[in-house]
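K.L.:
File follows, work-v3.cif with mmCIF, C-alpha atoms:
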```cif
data_protein
loop_
_atom_site.label_atom_id
_atom_site.label_comp_id
_atom_site.auth_asym_id
_atom_site.auth_seq_id
_atom_site.Cartn_x
_atom_site.Cartn_y
_atom_site.Cartn_z
CA MET A 1 35.36 165.89 135.28
CA PRO A 2 36.17 165.87 131.53
CA SER A 3 36.28 169.68 131.46
CA CYS A 4 38.52 169.74 134.55
CA SER A 5 40.84 167.16 132.99
CA GLY A 6 40.97 169.21 129.81
CA LEU A 7 41.88 172.34 131.78
CA ILE A 8 44.72 170.48 133.53
CA ASP A 9 46.06 169.34 130.14
CA VAL A 10 45.92 172.93 128.86
CA ILE A 11 47.95 174.41 131.74
CA LYS A 12 50.30 171.41 132.07
CA TYR A 13 52.91 172.54 129.56
CA PRO A 14 52.88 176.28 130.34
CA ARG A 15 53.28 175.29 134.00
CA ALA A 16 56.22 173.05 133.10
CA LEU A 17 57.83 175.93 131.17
CA PHE A 18 57.33 178.32 134.09
CA ARG A 19 58.83 175.81 136.53
CA THR A 20 61.86 175.25 134.30
CA VAL A 21 62.53 178.99 134.01
CA PHE A 22 62.04 179.40 137.75
CA VAL A 23 64.49 176.59 138.62
CA ILE A 24 67.10 178.07 136.27
CA ALA A 25 66.61 181.51 137.85
CA ASN A 26 66.70 179.91 141.27
CA ASN A 27 70.15 178.51 140.52
CA ILE A 28 71.32 181.85 139.12
CA TYR A 29 70.50 183.90 142.20
CA CYS A 30 71.03 181.28 144.93
CA VAL A 31 74.33 179.55 144.14
CA PRO A 32 76.34 182.76 143.43
CA THR A 33 74.85 184.39 146.54
CA TYR A 34 76.09 181.50 148.68
CA LEU A 35 79.56 181.75 147.12
CA VAL A 36 79.74 185.55 147.54
CA TRP A 37 78.72 185.36 151.20
CA MET A 38 81.37 182.73 151.86
CA PHE A 39 83.96 184.95 150.14
CA LEU A 40 82.94 188.03 152.13
CA LEU A 41 83.12 186.06 155.37
CA LEU A 42 86.65 184.75 154.75
CA PRO A 43 88.14 187.14 157.37
CA LEU A 44 85.91 185.45 159.96
CA LYS A 45 87.46 182.10 158.98
CA LYS A 46 90.86 183.44 160.02
CA ILE A 47 89.51 184.73 163.34
CA HIS A 48 87.10 181.95 164.30
CA GLU A 49 86.88 179.04 161.88
CA ASN A 50 84.07 177.29 163.77
CA TYR A 51 81.76 180.31 163.41
CA TYR A 52 82.59 180.53 159.70
CA TYR A 53 81.58 176.92 159.08
CA LYS A 54 78.51 177.27 161.28
CA ILE A 55 77.28 180.10 159.04
CA GLU A 56 78.29 178.08 155.97
CA GLY A 57 76.20 175.15 157.24
CA ILE A 58 73.13 177.37 157.63
CA LEU A 59 73.48 178.77 154.09
CA PHE A 60 74.11 175.27 152.74
CA HIS A 61 70.92 174.07 154.43
CA TRP A 62 68.97 176.94 152.87
CA LEU A 63 70.32 176.07 149.44
CA LEU A 64 69.19 172.46 149.83
CA ALA A 65 65.82 173.71 151.09
CA ASN A 66 65.39 175.35 147.68
CA VAL A 67 65.99 171.99 146.02
CA SER A 68 63.46 170.45 148.43
CA MET A 69 60.92 173.01 147.28
CA TRP A 70 61.19 171.87 143.65
CA SER A 71 59.89 168.36 144.37
CA THR A 72 57.34 169.56 146.93
CA THR A 73 55.70 172.09 144.59
CA ALA A 74 55.61 169.49 141.80
CA GLY A 75 53.43 167.27 144.00
CA TYR A 76 56.04 164.59 144.62
CA ASP A 77 55.41 163.77 148.26
CA LEU A 78 57.62 161.67 150.50
CA VAL A 79 56.30 159.05 152.91
CA GLU A 80 58.64 157.78 155.65
CA MET A 81 58.20 154.66 157.71
CA GLY A 82 60.21 152.02 159.56
CA ASP A 83 62.49 152.58 162.54
CA ASP A 84 62.43 155.78 164.57
CA ILE A 85 65.51 157.75 163.48
CA GLY A 86 65.15 160.43 166.17
CA PRO A 87 68.07 159.11 168.27
CA ALA A 88 70.44 159.48 165.28
CA LEU A 89 69.58 163.08 164.33
CA ASP A 90 72.36 164.68 166.36
CA GLU A 91 74.85 161.81 166.21
CA ARG A 92 77.53 160.71 163.79
CA THR A 93 75.53 158.59 161.34
CA LEU A 94 76.38 156.84 158.09
CA VAL A 95 73.39 156.84 155.73
CA ILE A 96 73.33 154.10 153.08
CA ALA A 97 70.63 153.96 150.41
CA ASN A 98 69.77 152.19 147.17
CA HIS A 99 70.42 154.27 144.06
CA GLN A 100 67.92 154.25 141.20
CA SER A 101 68.00 157.64 139.49
CA THR A 102 69.02 161.31 139.57
CA SER A 103 66.02 162.08 141.78
CA ASP A 104 67.36 160.08 144.74
CA VAL A 105 69.56 162.93 146.04
CA PRO A 106 66.96 165.75 145.71
CA LEU A 107 64.36 163.59 147.45
CA LEU A 108 66.73 162.72 150.30
CA MET A 109 67.45 166.44 150.60
CA ALA A 110 63.72 167.04 150.94
CA ALA A 111 63.41 164.30 153.57
CA PHE A 112 66.36 165.64 155.58
CA ASN A 113 65.23 169.27 155.22
CA VAL A 114 62.66 168.86 158.00
CA LYS A 115 65.08 167.05 160.34
CA LYS A 116 66.58 169.61 162.70
CA GLY A 117 70.35 170.01 162.42
CA VAL A 118 70.89 167.37 159.72
CA LEU A 119 71.54 169.33 156.51
CA PRO A 120 73.93 171.95 157.97
CA ASN A 121 76.19 169.16 159.24
CA ILE A 122 75.88 166.61 156.45
CA MET A 123 78.58 165.29 154.11
CA TRP A 124 77.62 163.82 150.75
CA ILE A 125 79.78 161.21 149.04
CA MET A 126 79.09 161.54 145.31
CA ASP A 127 80.53 160.72 141.92
CA ARG A 128 83.33 163.02 140.81
CA MET A 129 81.36 164.12 137.73
CA PHE A 130 79.10 166.21 140.01
CA LYS A 131 82.09 168.41 140.82
CA TYR A 132 81.65 169.97 137.39
CA THR A 133 77.96 170.81 137.75
CA ASN A 134 76.56 174.15 138.91
CA PHE A 135 76.41 172.78 142.45
CA GLY A 136 79.99 171.54 142.38
CA ALA A 137 81.49 174.75 143.77
CA VAL A 138 79.00 174.66 146.65
CA SER A 139 79.90 171.06 147.49
CA LEU A 140 83.60 171.89 147.35
CA LEU A 141 83.14 174.73 149.84
CA HIS A 142 80.98 172.54 152.06
CA GLN A 143 83.72 169.91 151.83
CA ASP A 144 81.65 167.05 150.46
CA PHE A 145 83.66 164.19 148.97
CA PHE A 146 83.84 163.36 145.27
CA ILE A 147 84.71 159.73 144.62
CA ALA A 148 86.19 158.58 141.30
CA SER A 149 84.54 155.59 139.66
CA GLY A 150 86.34 152.79 137.84
CA LYS A 151 88.74 150.04 138.92
CA SER A 152 91.84 152.11 138.16
CA ASN A 153 90.76 154.86 140.56
CA ARG A 154 89.22 152.72 143.28
CA GLU A 155 92.16 152.27 145.66
CA LYS A 156 93.31 155.86 145.29
CA SER A 157 89.79 157.13 145.98
CA LEU A 158 89.51 155.08 149.17
CA VAL A 159 92.81 156.48 150.46
CA GLU A 160 91.58 159.99 149.64
CA LEU A 161 88.27 159.28 151.41
CA LYS A 162 90.07 158.26 154.61
CA SER A 163 92.21 161.39 154.41
CA HIS A 164 89.12 163.54 153.82
CA LEU A 165 87.38 162.10 156.87
CA LYS A 166 90.39 162.94 159.03
CA SER A 167 91.02 166.40 157.58
CA SER A 168 87.45 167.58 157.02
CA TYR A 169 84.57 165.45 158.34
CA ILE A 170 85.94 165.13 161.88
CA PRO A 171 87.40 168.66 162.34
CA ARG A 172 84.24 170.25 160.86
CA LYS A 173 82.14 168.24 163.36
CA ARG A 174 79.92 166.84 160.63
CA LYS A 175 77.20 164.43 161.73
CA TRP A 176 75.48 162.60 158.85
CA MET A 177 77.30 161.16 155.87
CA VAL A 178 75.42 159.85 152.80
CA LEU A 179 76.79 156.94 150.77
CA PHE A 180 75.28 154.98 147.86
CA PRO A 181 77.13 151.64 148.14
CA GLU A 182 75.92 150.38 144.75
CA GLY A 183 78.25 152.87 143.08
CA GLY A 184 75.82 153.81 140.29
CA PHE A 185 72.24 153.81 139.09
CA LEU A 186 70.24 150.56 139.06
CA ARG A 187 69.61 150.67 135.30
CA LYS A 188 73.35 151.01 134.58
CA ARG A 189 74.69 148.40 136.99
CA LYS A 190 71.92 145.80 137.00
CA GLU A 191 73.33 143.52 134.30
CA VAL A 192 76.90 143.65 135.63
CA SER A 193 75.63 143.03 139.15
CA GLN A 194 73.66 139.96 138.14
CA ARG A 195 76.68 138.48 136.35
CA PHE A 196 78.79 139.11 139.46
CA ALA A 197 76.14 137.50 141.68
CA GLU A 198 75.94 134.41 139.46
CA LYS A 199 79.73 134.06 139.41
CA ASN A 200 80.01 134.35 143.21
CA ASN A 201 76.96 132.24 144.19
CA LEU A 202 75.00 135.26 145.44
CA PRO A 203 71.25 135.76 145.09
CA THR A 204 70.20 137.36 141.80
CA LEU A 205 68.91 140.86 142.52
CA HIS A 206 66.40 142.71 140.33
CA HIS A 207 65.43 145.82 142.30
CA VAL A 208 68.90 146.66 143.67
CA THR A 209 72.47 145.74 142.74
CA VAL A 210 75.28 144.05 144.65
CA PRO A 211 76.87 146.81 146.79
CA ARG A 212 80.54 147.71 146.82
CA VAL A 213 81.98 147.57 150.29
CA GLY A 214 85.19 149.60 149.77
CA ALA A 215 83.93 153.06 150.75
CA MET A 216 82.00 151.75 153.76
CA LYS A 217 85.06 149.81 154.92
CA ALA A 218 87.17 152.98 154.66
CA ILE A 219 84.61 154.87 156.75
CA VAL A 220 84.42 152.13 159.38
CA ASP A 221 88.23 151.96 159.53
CA VAL A 222 88.44 155.67 160.36
CA LEU A 223 85.30 156.24 162.44
CA GLY A 224 84.40 152.80 163.74
CA SER A 225 87.00 152.70 166.52
CA PRO A 226 87.59 154.78 169.63
CA GLU A 227 91.17 155.22 168.44
CA SER A 228 90.43 158.62 166.97
CA PRO A 229 92.31 159.64 163.82
CA TYR A 230 91.97 163.27 164.75
CA ARG A 231 93.47 164.57 167.95
CA ASP A 232 94.46 168.14 168.57
CA GLU A 233 97.47 166.95 170.56
CA GLU A 234 99.60 170.03 170.06
CA LYS A 235 96.92 172.26 171.54
CA LEU A 236 96.44 169.88 174.45
CA ILE A 237 100.15 169.50 175.19
CA ASN A 238 101.02 173.18 174.88
CA ASN A 239 98.25 174.23 177.23
CA VAL A 240 99.77 173.39 180.63
CA ASP A 241 96.80 174.61 182.66
CA TYR A 242 94.47 172.50 180.60
CA VAL A 243 96.62 169.42 181.11
CA ASP A 244 96.88 169.99 184.88
CA SER A 245 93.16 170.50 185.39
CA THR A 246 92.10 167.75 182.99
CA ILE A 247 94.33 165.07 184.50
CA THR A 248 92.99 165.84 187.96
CA THR A 249 89.43 165.74 186.63
CA VAL A 250 90.12 162.49 184.82
CA THR A 251 91.41 160.84 187.97
CA ASP A 252 88.40 161.87 190.07
CA GLU A 253 85.80 161.14 187.41
CA PHE A 254 87.30 157.89 186.24
CA ASN A 255 87.60 156.52 189.76
CA HIS A 256 83.99 157.49 190.34
CA ASN A 257 82.96 155.78 187.08
CA LEU A 258 84.81 152.61 188.05
CA THR A 259 83.10 152.54 191.43
CA THR A 260 79.57 153.24 190.13
CA THR A 261 79.84 150.74 187.28
CA GLY A 262 80.94 147.95 189.61
CA PHE A 263 84.48 147.45 188.28
CA THR A 264 86.19 148.11 191.63
CA ASP A 265 85.93 150.06 194.87
CA LEU A 266 89.07 152.11 195.35
CA ASP A 267 89.74 153.26 198.87
CA HIS A 268 91.03 156.70 199.78
CA HIS A 269 94.66 155.55 200.02
CA GLN A 270 94.55 154.06 196.50
CA GLN A 271 93.06 157.27 195.09
CA GLN A 272 95.86 159.34 196.64
CA GLN A 273 98.47 157.02 195.13
CA GLN A 274 96.91 157.35 191.67
CA GLN A 275 96.81 161.15 191.96
CA GLN A 276 100.49 161.25 192.92
CA GLN A 277 101.32 159.10 189.91
CA GLN A 278 99.76 161.65 187.55
CA GLN A 279 102.62 164.17 188.04
CA PRO A 280 105.19 162.31 185.87
CA LYS A 281 102.47 161.83 183.28
CA GLN A 282 101.94 165.60 183.22
CA ASN A 283 105.64 166.17 182.59
CA ASP A 284 105.68 163.52 179.87
CA ALA A 285 102.72 165.12 178.19
CA MET A 286 104.34 168.57 178.19
CA ASN A 287 107.82 167.45 177.19
CA ASN A 288 107.09 164.73 174.68
CA SER A 289 104.73 165.78 171.90
CA SER A 290 104.38 162.22 170.67
CA SER A 291 103.22 160.83 174.01
CA THR A 292 99.72 159.51 174.61
CA ILE A 293 98.24 160.73 177.88
CA ILE A 294 95.92 157.77 178.42
CA ASN A 295 96.58 154.46 176.74
CA SER A 296 93.56 154.14 174.46
CA GLU A 297 94.27 150.45 173.95
CA ALA A 298 92.75 149.96 177.38
CA ILE A 299 89.42 150.68 175.72
CA SER A 300 88.29 147.82 173.55
CA THR A 301 86.99 148.45 170.03
CA ASP A 302 83.39 147.68 170.90
CA ASP A 303 83.38 150.11 173.84
CA CYS A 304 83.18 153.22 171.66
CA ASP A 305 79.52 153.72 172.58
CA SER A 306 80.09 153.18 176.32
CA PHE A 307 83.12 155.43 176.67
CA LYS A 308 82.29 158.28 174.31
CA ASP A 309 81.38 160.58 177.22
CA SER A 310 84.03 159.34 179.62
CA PRO A 311 86.93 161.47 180.90
CA LEU A 312 89.35 159.17 179.05
CA THR A 313 87.63 160.02 175.80
CA LYS A 314 87.68 163.75 176.54
CA LEU A 315 91.34 163.72 177.43
CA ASN A 316 92.36 161.91 174.27
CA GLY A 317 90.33 164.28 172.11
CA LYS A 318 88.08 161.49 170.86
CA LEU A 319 84.73 162.87 171.96
CA ASN A 320 82.15 162.18 169.23
CA ASP A 321 84.79 160.99 166.76
CA CYS A 322 83.12 157.57 166.63
CA LEU A 323 80.35 156.59 164.28
CA GLU A 324 77.20 156.05 166.36
CA TYR A 325 74.62 154.78 163.88
CA ILE A 326 74.15 153.25 160.44
CA LEU A 327 70.89 154.40 158.83
CA ASP A 328 69.78 152.12 156.00
CA ILE A 329 67.22 153.79 153.72
CA THR A 330 65.29 151.87 151.08
CA ILE A 331 63.81 154.20 148.45
CA GLY A 332 60.66 152.89 146.79
CA TYR A 333 59.14 154.64 143.75
CA PRO A 334 55.52 153.97 142.72
CA ASN A 335 55.23 150.96 140.38
CA GLY A 336 59.02 150.70 140.25
CA LYS A 337 59.25 153.73 137.95
CA PRO A 338 61.69 156.18 139.50
CA LEU A 339 61.43 159.92 139.11
CA ASP A 340 64.41 161.77 137.67
CA LEU A 341 65.81 165.27 137.93
CA PRO A 342 64.02 166.58 134.80
CA ASN A 343 60.71 165.38 136.32
CA ILE A 344 61.47 167.34 139.47
CA VAL A 345 62.34 170.44 137.44
CA HIS A 346 59.43 170.59 134.99
CA GLY A 347 56.89 168.54 136.99
CA LEU A 348 55.25 166.95 133.91
CA ARG A 349 54.88 163.57 135.61
CA ASN A 350 51.69 163.20 137.64
CA PRO A 351 51.94 163.79 141.41
CA CYS A 352 52.96 160.68 143.33
CA GLN A 353 54.33 159.44 146.63
CA THR A 354 57.84 158.04 147.07
CA TYR A 355 58.41 155.86 150.15
CA LEU A 356 61.47 155.87 152.39
CA PHE A 357 61.85 152.81 154.62
CA TYR A 358 64.26 153.24 157.54
CA ARG A 359 66.38 150.63 159.33
CA LEU A 360 68.55 152.05 162.11
CA TYR A 361 71.55 150.12 163.50
CA ARG A 362 73.97 150.95 166.28
CA SER A 363 77.50 151.02 164.93
CA SER A 364 78.41 148.36 167.49
CA GLU A 365 76.10 145.97 165.59
CA VAL A 366 78.14 146.34 162.42
CA PRO A 367 81.22 144.08 162.02
CA ARG A 368 84.53 145.74 161.20
CA ASP A 369 86.63 143.04 159.61
CA SER A 370 86.45 143.07 155.83
CA GLU A 371 84.81 139.68 155.27
CA SER A 372 82.09 140.10 157.91
CA LEU A 373 81.38 143.70 156.88
CA THR A 374 81.00 142.61 153.26
CA GLN A 375 78.50 139.93 154.26
CA TRP A 376 76.62 142.40 156.49
CA LEU A 377 76.29 144.88 153.63
CA TYR A 378 75.23 142.13 151.19
CA ASP A 379 72.56 141.08 153.68
CA ARG A 380 71.21 144.61 153.82
CA PHE A 381 70.75 144.75 150.05
CA ILE A 382 69.24 141.28 149.92
CA GLU A 383 66.78 142.59 152.51
CA LYS A 384 66.16 145.65 150.31
CA GLU A 385 65.38 143.32 147.41
CA LYS A 386 62.68 141.60 149.48
CA LEU A 387 61.31 144.90 150.77
CA LEU A 388 61.07 146.37 147.28
CA ASP A 389 59.51 143.20 145.90
CA GLU A 390 56.78 143.53 148.53
CA PHE A 391 56.44 147.26 147.86
CA TYR A 392 56.03 146.86 144.11
CA ARG A 393 53.42 144.12 144.59
CA THR A 394 51.34 145.85 147.28
CA GLY A 395 52.28 149.54 147.07
CA MET A 396 53.46 149.45 150.69
CA PHE A 397 56.51 148.35 152.62
CA PRO A 398 55.74 145.71 155.26
CA CYS A 399 55.10 147.40 158.60
CA GLY A 400 55.99 144.46 160.84
CA SER A 401 57.32 145.79 164.13
CA SER A 402 58.14 149.22 162.69
CA SER A 403 57.97 151.99 165.26
CA MET A 404 57.07 154.60 162.62
CA LEU A 405 53.86 154.12 160.63
CA PRO A 406 53.69 155.62 157.11
CA THR A 407 53.86 159.40 157.54
CA VAL A 408 53.82 162.03 154.79
CA ILE A 409 56.69 164.50 155.27
CA GLN A 410 55.29 168.01 155.57
CA GLN A 411 57.37 170.92 154.29
CA ASP A 412 57.07 174.51 155.55
CA LEU A 413 56.04 176.62 152.54
CA LEU A 414 56.37 179.89 154.50
CA ARG A 415 59.97 178.99 155.31
CA PHE A 416 60.59 178.37 151.60
CA LEU A 417 59.28 181.87 150.86
CA LEU A 418 61.45 183.53 153.52
CA ILE A 419 64.55 181.71 152.29
CA HIS A 420 63.88 182.88 148.73
CA LEU A 421 63.44 186.45 149.95
CA PHE A 422 66.81 186.19 151.70
CA PHE A 423 68.59 185.00 148.54
CA ILE A 424 66.86 187.56 146.32
CA THR A 425 67.68 190.39 148.74
CA SER A 426 71.27 189.18 149.07
CA THR A 427 71.60 189.07 145.29
CA TYR A 428 70.44 192.69 145.07
CA VAL A 429 72.85 193.77 147.83
CA HIS A 430 75.76 191.96 146.20
CA TYR A 431 74.88 193.47 142.82
CA GLN A 432 74.84 196.99 144.30
CA LEU A 433 78.14 196.28 146.04
CA ILE A 434 79.73 195.19 142.76
CA LEU A 435 78.41 198.32 141.00
CA MET A 436 79.83 200.47 143.80
CA LEU A 437 83.24 198.83 143.45
CA ILE A 438 83.17 199.30 139.67
CA ASN A 439 82.23 202.99 140.04
CA TYR A 440 84.93 203.52 142.64
CA SER A 441 87.50 201.88 140.37
CA ASN A 442 86.46 204.13 137.50
CA VAL A 443 86.72 207.25 139.67
CA MET A 444 90.18 206.24 140.89
CA TYR A 445 91.27 205.52 137.33
CA VAL A 446 90.14 208.95 136.14
CA TYR A 447 91.79 210.58 139.14
CA LEU A 448 95.11 208.87 138.43
CA LEU A 449 94.94 209.87 134.76
CA SER A 450 94.26 213.48 135.67
CA ASP A 451 97.26 213.55 138.05
CA SER A 452 99.55 212.21 135.36
#
```
Take the structure in this file and express it as structure tokens.
P.N.:
Amino acid sequence: MPSCSGLIDVIKYPRALFRTVFVIANNIYCVPTYLVWMFLLLPLKKIHENYYYKIEGILFHWLLANVSMWSTTAGYDLVEMGDDIGPALDERTLVIANHQSTSDVPLLMAAFNVKKGVLPNIMWIMDRMFKYTNFGAVSLLHQDFFIASGKSNREKSLVELKSHLKSSYIPRKRKWMVLFPEGGFLRKRKEVSQRFAEKNNLPTLHHVTVPRVGAMKAIVDVLGSPESPYRDEEKLINNVDYVDSTITTVTDEFNHNLTTTGFTDLDHHQQQQQQQQQQPKQNDAMNNSSSTIINSEAISTDDCDSFKDSPLTKLNGKLNDCLEYILDITIGYPNGKPLDLPNIVHGLRNPCQTYLFYRLYRSSEVPRDSESLTQWLYDRFIEKEKLLDEFYRTGMFPCGSSSMLPTVIQQDLLRFLLIHLFFITSTYVHYQLILMLINYSNVMYVYLLSDS
């Protein structure tokens, strides 16, 4: 054992140097390759924007898979437990998590990497300073949101967040959205948070900080109601055939839904009357671009879950615009000593396991008025405080009635290799393409000079 320990100490620093060089090289040939592919595919964006962003999502996922590989190969395993999050994988989900260090995001990337369909359709909400890092250009293209910190920027940032959700998150059909409600790292906000808690008669927190509710309230305001902020009304109204067929379908399907759900039992004569009444509504829809085809106020706020697949929802263009789940993740580092990004890069810290504890809530469980939502979010972080206190004392989150026992997340190393081969090959192809363009430009320049 002593000789083995000595050997590990000998290779520890050369290994750290190799990893650092590799991560730097990894950034050099992966990030530009992503950007070049997105530039070359710009004509596709003009022809079929959905296909363009589908390809972008795949490349974005592969980039984040590279980041996942850094922590995996350093021996920093992830253990997940708590609620089963399977139902939320393909649904609009707001992810909230405690924020301790720069390793939180890479480790969440690693956790999400193995969840099918999550990373291609994710939106990260991050501090504006990250816009100026090497990954900033990637996040801009992927249409993540950069939020400005500080009281002076707070209101403006929340307005911009709402606008971004309407102009990007909903049209791009994103699913998961990641938010750190604390608004900063634990070590930076802990003292301020405790003063705020004392002033406002809140529990004093040591392992987390008092969350800020502004960003979550903005998200709930836009996505928490069936009154969708994004409706392609012009397309719907201008397409007469679509309107005709959809209104007929709505009448038939909605009457059927009313009957089967026990609301009423319309007889044949009543159905005919309702169908005849649709004709003026068709004309209104085609002639008045500001008209609403079905009065969405008939659907109450809490019925978003029930009506998301209904004909009414389809007709108003609200399908899947609602937030379905809130996923609350508590990140627990061994002995309360968080990893950081340099650790993940050079891997000098000994291998360890970081725990992710999941709590999954239906969006209908989350209040929407400001005061109740604030209390709900405070309660979640008070719960996190208790969970982390237990974790740091015992090394394990309490299982209780959790449907998922502690499970180590397994990464696919072969997939990592294939993704790297793709980026390396793409870099070579792009390099040859650039050389060809330079040579062609030189030939044309010489030709023009000879003609003159």
K.L.:
Once the PyMOL selection byres ((chain A and resi 31-44) around 10) has been applied to the shown file, what residues remain in the selection, as a short mmCIF file (atom, residue, chain, number, x, y, z; two decimals) with C-alpha atoms, keeping the file's coordinate frame?
P.N.:
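Output saved as out-v1.cif:
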```cif
data_model
loop_
_atom_site.label_atom_id
_atom_site.label_comp_id
_atom_site.auth_asym_id
_atom_site.auth_seq_id
_atom_site.Cartn_x
_atom_site.Cartn_y
_atom_site.Cartn_z
CA ASN A 26 66.70 179.91 141.27
CA ASN A 27 70.15 178.51 140.52
CA ILE A 28 71.32 181.85 139.12
CA TYR A 29 70.50 183.90 142.20
CA CYS A 30 71.03 181.28 144.93
CA LYS A 45 87.46 182.10 158.98
CA LYS A 46 90.86 183.44 160.02
CA ILE A 47 89.51 184.73 163.34
CA HIS A 48 87.10 181.95 164.30
CA GLU A 49 86.88 179.04 161.88
CA ASN A 50 84.07 177.29 163.77
CA TYR A 51 81.76 180.31 163.41
CA TYR A 52 82.59 180.53 159.70
CA TYR A 53 81.58 176.92 159.08
CA ILE A 55 77.28 180.10 159.04
CA GLU A 56 78.29 178.08 155.97
CA LEU A 59 73.48 178.77 154.09
CA PHE A 60 74.11 175.27 152.74
CA TRP A 62 68.97 176.94 152.87
CA LEU A 63 70.32 176.07 149.44
CA ASN A 134 76.56 174.15 138.91
CA PHE A 135 76.41 172.78 142.45
CA GLY A 136 79.99 171.54 142.38
CA ALA A 137 81.49 174.75 143.77
CA VAL A 138 79.00 174.66 146.65
CA LEU A 141 83.14 174.73 149.84
CA PHE A 422 66.81 186.19 151.70
CA PHE A 423 68.59 185.00 148.54
CA ILE A 424 66.86 187.56 146.32
CA THR A 425 67.68 190.39 148.74
CA SER A 426 71.27 189.18 149.07
CA THR A 427 71.60 189.07 145.29
CA TYR A 428 70.44 192.69 145.07
CA VAL A 429 72.85 193.77 147.83
CA HIS A 430 75.76 191.96 146.20
CA TYR A 431 74.88 193.47 142.82
#
```
K.L.:
Using the chain letters and residue numbers of this document, give as a list in words the residues selected by the PyMOL selection byres ((chain A and resi 333) around 9).
P.N.:
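For this structure, the PyMOL selection byres ((chain A and resi 333) around 9) resolves to Ile331, Gly332, Pro334, Asn335, Gly336, Lys337, Pro338, Leu339, Cys352, Gln353, Thr354, Tyr355, Phe391 and Tyr392 of chain A.
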K.L.:
Specify as a VMD selection string each residue included when the PyMOL selection byres ((chain A and resi 71) around 8) is applied to this file.
P.N.:
chain A and resid 67 to 70 72 to 77 106 to 107 110 344 to 345 347
K.L.:
Go ahead and write the residues just picked, C-alpha atoms, as an mmCIF file, keeping the file's coordinate frame.
P.N.:
```cif
data_model
loop_
_atom_site.group_PDB
_atom_site.id
_atom_site.type_symbol
_atom_site.label_atom_id
_atom_site.label_comp_id
_atom_site.auth_asym_id
_atom_site.auth_seq_id
_atom_site.Cartn_x
_atom_site.Cartn_y
_atom_site.Cartn_z
ATOM 1 C CA VAL A 67 65.990 171.990 146.020
ATOM 2 C CA SER A 68 63.460 170.450 148.430
ATOM 3 C CA MET A 69 60.920 173.010 147.280
ATOM 4 C CA TRP A 70 61.190 171.870 143.650
ATOM 5 C CA THR A 72 57.340 169.560 146.930
ATOM 6 C CA THR A 73 55.700 172.090 144.590
ATOM 7 C CA ALA A 74 55.610 169.490 141.800
ATOM 8 C CA GLY A 75 53.430 167.270 144.000
ATOM 9 C CA TYR A 76 56.040 164.590 144.620
ATOM 10 C CA ASP A 77 55.410 163.770 148.260
ATOM 11 C CA PRO A 106 66.960 165.750 145.710
ATOM 12 C CA LEU A 107 64.360 163.590 147.450
ATOM 13 C CA ALA A 110 63.720 167.040 150.940
ATOM 14 C CA ILE A 344 61.470 167.340 139.470
ATOM 15 C CA VAL A 345 62.340 170.440 137.440
ATOM 16 C CA GLY A 347 56.890 168.540 136.990
#
```
K.L.:
Could you please determine the separation between atom CA of A:Lys173 and atom CA of A:Asp321 in Å, to one decimal place?
P.N.:
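Rounded to one decimal, the two atoms are 8.4 Å apart.
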K.L.:
Check the smallest atom-to-atom distance from each of A:Leu449, A:Val114, A:Ala88, A:Ile434 to A:Asp412 using only C-alpha atoms, then report the winner.
P.N.:
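Comparing A:Leu449, A:Val114, A:Ala88, A:Ile434 against A:Asp412, the winner is A:Val114.
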K.L.:
With 4 Å on each side, where is the centre of the axis-aligned box around all listed atoms of stretch 345-349 of chain A, and how long are its edges in Å to one decimal, as lines of an AutoDock Vina configuration file?
P.N.:
```
center_x = 58.6
center_y = 167.1
center_z = 135.7
size_x = 15.5
size_y = 15.0
size_z = 11.5
```
K.L.:
Give me, as a count of residues only, all polymer residues having an atom no more than 8 Å from stretch 149-165 of chain A, counting all atoms listed in the file and skipping those fewer than 3 positions away in the same chain.
P.N.:
12
K.L.:
Within 10 Å of (69.8, 157.8, 168.5) in the file's own coordinates, which protein, DNA or RNA residues have an atom, counting all atoms listed in the file? List them as a PyMOL selection string.
P.N.:
chain A and resi 84-93+324-325+360-362
K.L.:
Hey, can you spit out that residue selection with C-alpha atoms as a CSV table (one decimal), keeping the file's coordinate frame?
P.N.:
```
chain,number,residue,atom,x,y,z
A,84,ASP,CA,62.4,155.8,164.6
A,85,ILE,CA,65.5,157.8,163.5
A,86,GLY,CA,65.2,160.4,166.2
A,87,PRO,CA,68.1,159.1,168.3
A,88,ALA,CA,70.4,159.5,165.3
A,89,LEU,CA,69.6,163.1,164.3
A,90,ASP,CA,72.4,164.7,166.4
A,91,GLU,CA,74.8,161.8,166.2
A,92,ARG,CA,77.5,160.7,163.8
A,93,THR,CA,75.5,158.6,161.3
A,324,GLU,CA,77.2,156.0,166.4
A,325,TYR,CA,74.6,154.8,163.9
A,360,LEU,CA,68.6,152.0,162.1
A,361,TYR,CA,71.6,150.1,163.5
A,362,ARG,CA,74.0,151.0,166.3
```
K.L.:
Rounded to one decimal in Å, what is the spacing between atom CA of A:Arg368 and atom CA of A:Leu327?
P.N.:
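Taking atom CA of A:Arg368 as the start and atom CA of A:Leu327 as the end point, the length is 16.3 Å.
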K.L.:
May I have the protein, DNA and RNA residues with an atom at most 6 Å from (75.5, 158.2, 151.7), counting all atoms listed in the file in the file's coordinates, returned as a list in words?
P.N.:
Val95, Ile96, Ile125, Met177, Val178, Leu179 and Phe180 of chain A
K.L.:
Return the single residue from A:Asp144, A:Glu198, A:Asp379, A:Glu365 that is closest to A:Trp176, with distances computed using only C-alpha atoms.
P.N.:
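Using only C-alpha atoms, A:Trp176 sits closest to A:Asp144.
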K.L.:
At what distance in Å, to one decimal, does atom CA of A:Met396 lie from atom CA of A:Ser363?
P.N.:
28.0 Å
